[in-house]
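Peer 1: Okay, here's the structure, questions in a sec.
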Amino acid sequence: MTADRRTLLKYGLASFAALDYPYQMDDFEVVATDTVPIPYEDKKKLFQTNAERLFNL
Amino acid sequence: MSAQSQHEDFAGNRFTRRQVLTAAAAAGTTLAASRAAAQLGVSRDLPNVSPAPYKRIAAEEAWGPIEMFREWKRVLDSNPADEPGFIALWRNLDPAGNTGFTPRLTDLGPNRLAAMDAAGIDMQLLMLTAPGVQVFDAATGTAIAADSNDQLAEACRDHPDRYAGLVAVAPQDPRRAALEIERGVKALGLKGVIINSHTKGEYLSDQKFWEILEAAEANDAPIYIHPREPSPAMVKPFVDHDMHRGDLGFGVEVAFHTQAMIYAGVFDRFPDLKLVIGHGGEGIPYNLYRIDRTHPVRRPDQRSKELPSYYMRKNIYITNSGVAWAPMVLFAQQVLGVDRVLYAMDYPYQYDIEEVHAMDALPISYDDKKMFFQTNAERVFNLSAAATT
């Protein structure tokens, strides 16, 4: 497993979302995005299903 | 776009689609229709706006004396190599004509007041329209700035409850500009300083201009940085794509100017200096997270002591001129604070009564709305003396 893949799994990211790794890599930013005040359905779109649909993942 | 969509040409015409269609039917030609529509001035599409329980103070409203437009024309006719943006935006200027914006820009009398009445605007904060005197040589610019300040101050004295104004200066002569700020505030009763962004490609981040900043701080005069086209070294691709306007060029120019001032340490050196920028903060609120995030890796000589967001919440205020859009206003209030976002219309460039209704309907509390329309402007520009009605 590559370091990138381990990192992504550590932060629970299902897709290559907009963390901008390795240029911008911060625990607090993942937590901040996790806690963005939107409904679960919208959060799932942000983190997962929009990327799956757009990039055919 | 709706029937209310705006058509504009800086030197030519500005009109709504409905006005074009109505006038075209009557006059029979597009050219005549454009001229007729431009002279309508006040839209009759909607009823007038009623008074509100707060004052509507519009904080980025444009004017200019006819003498300046005549001098602009002389500059344009000389086709100066160092003013490509100015030429691109104003090439068709007719300073004495009845077309375009000039009739409404030069008017500080009953027509402007009637337009304000129809739109429910209690007070305009007036400033010399861009690029002002910053396209002239230093002596001409200094003289026309002083004369325009005298004219503006007289209008403010005649209508103290309707007009307040900013001091125009020629940054080409920083010493004279600093003296004019003091005269404008102390002798003429003006409320701040208008800088129409770059002067011959130079920005207030350059220490050669810091006398101006020192005078503004000492006289508690906020500096309003109003857009013009991007500076000569970057304007070519903008003009090539007709992007030197409000769609992008204006915002790039003022965001660059503001960030360059922050990075140069202007607000570390002048901690009480106030800066105001329009058009929703010219993109900076939306980019603020990324601006802060890249700060630590900046070159030390271009890195302010604090993060840029610190100065955005301490020294800098924004208006919503030209952006009557609830998502922008709410976002800016969220990231900067409700005490830092001021209402503006951008008369006469964007005179649209429907936009006043849209801002009256902002989904915010009455207290926050009163700050937005009235009390933030009164506080930042020290309008209390002129706001006694």
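Ligands are numbered from 1 in the order shown, residues from 1 within each chain, and chains are lettered A, B, ... in the order they appear in the structure tokens.
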Dump as a ChimeraX atom specification the residues of chain B that approach chain A to within 12 Å, counting only C-alpha atoms.

Peer 2: /B:289-290,293-294,297

Peer 1: Tell me, as an MDAnalysis selection string, which residues lie within 6 Å of stretch 107-123 of chain B, counting only C-alpha atoms; anything in the same chain fewer than 2 positions away does not count.

Peer 2: chainID B and resid 48:51 55:57 104:105 162:163 353

Peer 1: For A:Ala18, list every protein, DNA or RNA residue within 12 Å, evaluated using only C-alpha atoms, and leave out those in the same chain fewer than 5 positions away; present the list as number ranges by chain.

Peer 2: A: 8, 13, 23-25, 29-30, 33, 46-48, 51

Peer 1: Report as a list in words all protein, DNA and RNA residues lying within 6 Å of stretch 188-191 of chain B, evaluated on only C-alpha atoms, omitting residues in the same chain fewer than 6 positions from it.

Peer 2: Ala153, Gly165, Leu166 and Phe381 of chain B

Peer 1: If I take atom CA of B:Gly337 and atom CA of B:Val193, how far is one from the other in Å, to one decimal?

Peer 2: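 Interatomic distance here is 23.3 Å.
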
Peer 1: Using only C-alpha atoms, which residue out of B:Leu307, B:Leu93, B:Ile316, B:Leu273 lies closest to B:Leu213?

Peer 2: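 For B:Leu213, the nearest of the given residues is B:Leu273.
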
Peer 1: Show which residues sit within 7 Å of B:Glu211, as a ChimeraX atom specification. Count only C-alpha atoms, and ignore same-chain residues fewer than 2 positions away.

Peer 2: /B:174-175,178,209,213-215

Peer 1: How about saving the chosen residues, C-alpha atoms kept, as an mmCIF file, in the first residue's frame?

Peer 2:
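Saved the output as out26.cif:
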data_model
loop_
_atom_site.group_PDB
_atom_site.id
_atom_site.type_symbol
_atom_site.label_atom_id
_atom_site.label_comp_id
_atom_site.auth_asym_id
_atom_site.auth_seq_id
_atom_site.Cartn_x
_atom_site.Cartn_y
_atom_site.Cartn_z
ATOM 1 C CA PRO B 174 1.865 62.277 -2.796
ATOM 2 C CA ARG B 175 2.760 65.413 -0.814
ATOM 3 C CA ALA B 178 -1.730 64.320 1.659
ATOM 4 C CA PHE B 209 2.601 56.751 -1.547
ATOM 5 C CA LEU B 213 -1.856 56.715 3.967
ATOM 6 C CA GLU B 214 -0.381 58.610 6.890
ATOM 7 C CA ALA B 215 -2.655 61.594 6.175
#

Peer 1: Can you tell me how far atom CA of B:Pro232 sits from atom CA of B:Ala255, in Å to one decimal?

Peer 2: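 For atom CA of B:Pro232 relative to atom CA of B:Ala255, the distance reads 16.0 Å.
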
Peer 1: At what distance in Å, to one decimal, does atom CA of B:Phe373 lie from atom CA of B:Ala52?

Peer 2: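 Interatomic distance, atom CA of B:Ala52 to atom CA of B:Phe373: 10.0 Å.
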
Peer 1: Write out as JSON, numbers by chain the residues lying within 7 Å of B:Met345, counting only C-alpha atoms and excluding same-chain residues fewer than 6 positions away.

Peer 2: {"B": [58, 60, 61, 321, 322, 351]}

Peer 1: Any chance you could export the current selection's C-alpha atoms as a compact mmCIF listing (two decimals), in the first residue's frame?

Peer 2:
# COMPACT_ATOMS: atom_id res chain seq x y z
CA ALA B 58 -25.68 53.95 -0.63
CA GLU B 60 -20.29 53.73 -3.44
CA GLU B 61 -21.99 56.24 -5.71
CA SER B 321 -21.94 47.75 -4.77
CA GLY B 322 -23.10 46.12 -7.98
CA TYR B 351 -29.35 51.91 -11.13

Peer 1: Taking only stretch 13-244 of chain B into account, list the residues labelled helix (DSSP H, G or I) by DSSP (computed from the backbone), as a PyMOL selection string.

Peer 2: chain B and resi 17-27+30-40+66-77+84-90+102-106+110-119+138-158+174-187+207-218+232-240

Peer 1: Kindly save the residues from that selection, with C-alpha atoms included, as an mmCIF file, in the first residue's frame.

Peer 2:
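Below is the file part.cif, written as the result:
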data_model
loop_
_atom_site.group_PDB
_atom_site.id
_atom_site.type_symbol
_atom_site.label_atom_id
_atom_site.label_comp_id
_atom_site.auth_asym_id
_atom_site.auth_seq_id
_atom_site.Cartn_x
_atom_site.Cartn_y
_atom_site.Cartn_z
ATOM 1 C CA ARG B 17 -33.990 45.123 -22.229
ATOM 2 C CA ARG B 18 -37.593 46.259 -21.802
ATOM 3 C CA GLN B 19 -36.611 49.873 -22.381
ATOM 4 C CA VAL B 20 -34.795 48.857 -25.543
ATOM 5 C CA LEU B 21 -37.775 46.961 -26.891
ATOM 6 C CA THR B 22 -40.225 49.737 -26.030
ATOM 7 C CA ALA B 23 -38.046 52.465 -27.441
ATOM 8 C CA ALA B 24 -37.142 50.417 -30.519
ATOM 9 C CA ALA B 25 -40.803 49.946 -31.340
ATOM 10 C CA ALA B 26 -41.371 53.667 -31.024
ATOM 11 C CA ALA B 27 -38.270 54.939 -32.768
ATOM 12 C CA THR B 30 -31.719 50.316 -32.610
ATOM 13 C CA LEU B 31 -29.430 53.324 -32.430
ATOM 14 C CA ALA B 32 -32.241 55.740 -31.689
ATOM 15 C CA ALA B 33 -33.670 53.254 -29.245
ATOM 16 C CA SER B 34 -30.397 53.112 -27.376
ATOM 17 C CA ARG B 35 -30.202 56.857 -27.076
ATOM 18 C CA ALA B 36 -33.807 57.188 -26.023
ATOM 19 C CA ALA B 37 -33.478 54.447 -23.463
ATOM 20 C CA ALA B 38 -30.328 55.940 -22.027
ATOM 21 C CA GLN B 39 -32.122 59.209 -21.429
ATOM 22 C CA LEU B 40 -34.996 57.592 -19.578
ATOM 23 C CA ILE B 66 -17.597 68.015 -16.697
ATOM 24 C CA GLU B 67 -14.093 69.534 -16.590
ATOM 25 C CA MET B 68 -12.661 66.113 -15.772
ATOM 26 C CA PHE B 69 -14.491 64.392 -18.630
ATOM 27 C CA ARG B 70 -13.235 67.042 -21.076
ATOM 28 C CA GLU B 71 -9.702 66.391 -19.848
ATOM 29 C CA TRP B 72 -10.257 62.626 -20.125
ATOM 30 C CA LYS B 73 -11.217 63.197 -23.763
ATOM 31 C CA ARG B 74 -7.953 65.054 -24.376
ATOM 32 C CA VAL B 75 -6.020 62.148 -22.836
ATOM 33 C CA LEU B 76 -7.944 59.582 -24.878
ATOM 34 C CA ASP B 77 -7.390 61.532 -28.089
ATOM 35 C CA PRO B 84 -4.346 50.721 -22.464
ATOM 36 C CA GLY B 85 -7.151 49.870 -20.021
ATOM 37 C CA PHE B 86 -8.511 53.412 -19.899
ATOM 38 C CA ILE B 87 -8.583 53.545 -23.700
ATOM 39 C CA ALA B 88 -10.325 50.175 -23.944
ATOM 40 C CA LEU B 89 -13.060 51.143 -21.479
ATOM 41 C CA TRP B 90 -13.715 54.772 -22.384
ATOM 42 C CA THR B 102 -21.843 61.477 -18.332
ATOM 43 C CA PRO B 103 -25.168 63.362 -17.927
ATOM 44 C CA ARG B 104 -25.959 61.409 -14.764
ATOM 45 C CA LEU B 105 -22.365 61.527 -13.490
ATOM 46 C CA THR B 106 -22.089 65.307 -13.738
ATOM 47 C CA PRO B 110 -32.663 67.490 -8.854
ATOM 48 C CA ASN B 111 -32.317 64.633 -11.361
ATOM 49 C CA ARG B 112 -29.984 62.679 -9.092
ATOM 50 C CA LEU B 113 -32.180 63.401 -6.086
ATOM 51 C CA ALA B 114 -35.264 62.258 -8.018
ATOM 52 C CA ALA B 115 -33.526 59.011 -8.949
ATOM 53 C CA MET B 116 -32.624 58.510 -5.289
ATOM 54 C CA ASP B 117 -36.215 59.244 -4.223
ATOM 55 C CA ALA B 118 -37.597 56.742 -6.711
ATOM 56 C CA ALA B 119 -35.214 54.061 -5.440
ATOM 57 C CA ALA B 138 0.545 65.388 -11.518
ATOM 58 C CA ALA B 139 -0.195 69.114 -11.831
ATOM 59 C CA THR B 140 -3.378 68.673 -13.858
ATOM 60 C CA GLY B 141 -4.550 65.849 -11.598
ATOM 61 C CA THR B 142 -3.926 67.824 -8.431
ATOM 62 C CA ALA B 143 -5.779 70.887 -9.763
ATOM 63 C CA ILE B 144 -8.813 68.989 -11.057
ATOM 64 C CA ALA B 145 -9.019 66.951 -7.840
ATOM 65 C CA ALA B 146 -9.095 70.116 -5.718
ATOM 66 C CA ASP B 147 -11.718 71.741 -7.932
ATOM 67 C CA SER B 148 -13.883 68.612 -7.901
ATOM 68 C CA ASN B 149 -13.624 68.477 -4.100
ATOM 69 C CA ASP B 150 -14.851 72.068 -3.880
ATOM 70 C CA GLN B 151 -17.819 71.271 -6.129
ATOM 71 C CA LEU B 152 -18.678 68.096 -4.251
ATOM 72 C CA ALA B 153 -18.423 69.795 -0.850
ATOM 73 C CA GLU B 154 -20.782 72.531 -2.032
ATOM 74 C CA ALA B 155 -23.369 69.926 -3.081
ATOM 75 C CA CYS B 156 -22.992 68.210 0.304
ATOM 76 C CA ARG B 157 -23.518 71.537 2.089
ATOM 77 C CA ASP B 158 -26.627 72.198 -0.035
ATOM 78 C CA PRO B 174 1.865 62.277 -2.796
ATOM 79 C CA ARG B 175 2.760 65.413 -0.814
ATOM 80 C CA ARG B 176 -0.019 67.491 -2.381
ATOM 81 C CA ALA B 177 -2.392 64.558 -2.085
ATOM 82 C CA ALA B 178 -1.730 64.320 1.659
ATOM 83 C CA LEU B 179 -2.395 68.047 2.051
ATOM 84 C CA GLU B 180 -5.611 67.750 0.036
ATOM 85 C CA ILE B 181 -6.847 64.993 2.349
ATOM 86 C CA GLU B 182 -6.401 67.302 5.321
ATOM 87 C CA ARG B 183 -8.116 70.196 3.514
ATOM 88 C CA GLY B 184 -10.927 67.962 2.288
ATOM 89 C CA VAL B 185 -11.704 66.539 5.712
ATOM 90 C CA LYS B 186 -11.073 69.562 7.929
ATOM 91 C CA ALA B 187 -12.077 72.499 5.712
ATOM 92 C CA GLN B 207 6.155 53.319 0.054
ATOM 93 C CA LYS B 208 6.364 56.369 -2.228
ATOM 94 C CA PHE B 209 2.601 56.751 -1.547
ATOM 95 C CA TRP B 210 2.687 56.229 2.220
ATOM 96 C CA GLU B 211 2.399 59.943 2.969
ATOM 97 C CA ILE B 212 -1.127 59.595 1.617
ATOM 98 C CA LEU B 213 -1.856 56.715 3.967
ATOM 99 C CA GLU B 214 -0.381 58.610 6.890
ATOM 100 C CA ALA B 215 -2.655 61.594 6.175
ATOM 101 C CA ALA B 216 -5.702 59.354 5.816
ATOM 102 C CA GLU B 217 -4.991 57.674 9.139
ATOM 103 C CA ALA B 218 -4.288 60.982 10.898
ATOM 104 C CA PRO B 232 -0.854 48.201 -17.983
ATOM 105 C CA ALA B 233 1.481 45.262 -17.353
ATOM 106 C CA MET B 234 -1.411 42.820 -16.929
ATOM 107 C CA VAL B 235 -4.301 44.299 -18.881
ATOM 108 C CA LYS B 236 -3.630 42.988 -22.406
ATOM 109 C CA PRO B 237 -5.182 39.509 -22.114
ATOM 110 C CA PHE B 238 -8.137 41.064 -20.278
ATOM 111 C CA VAL B 239 -8.769 43.529 -23.123
ATOM 112 C CA ASP B 240 -8.230 40.820 -25.734
#
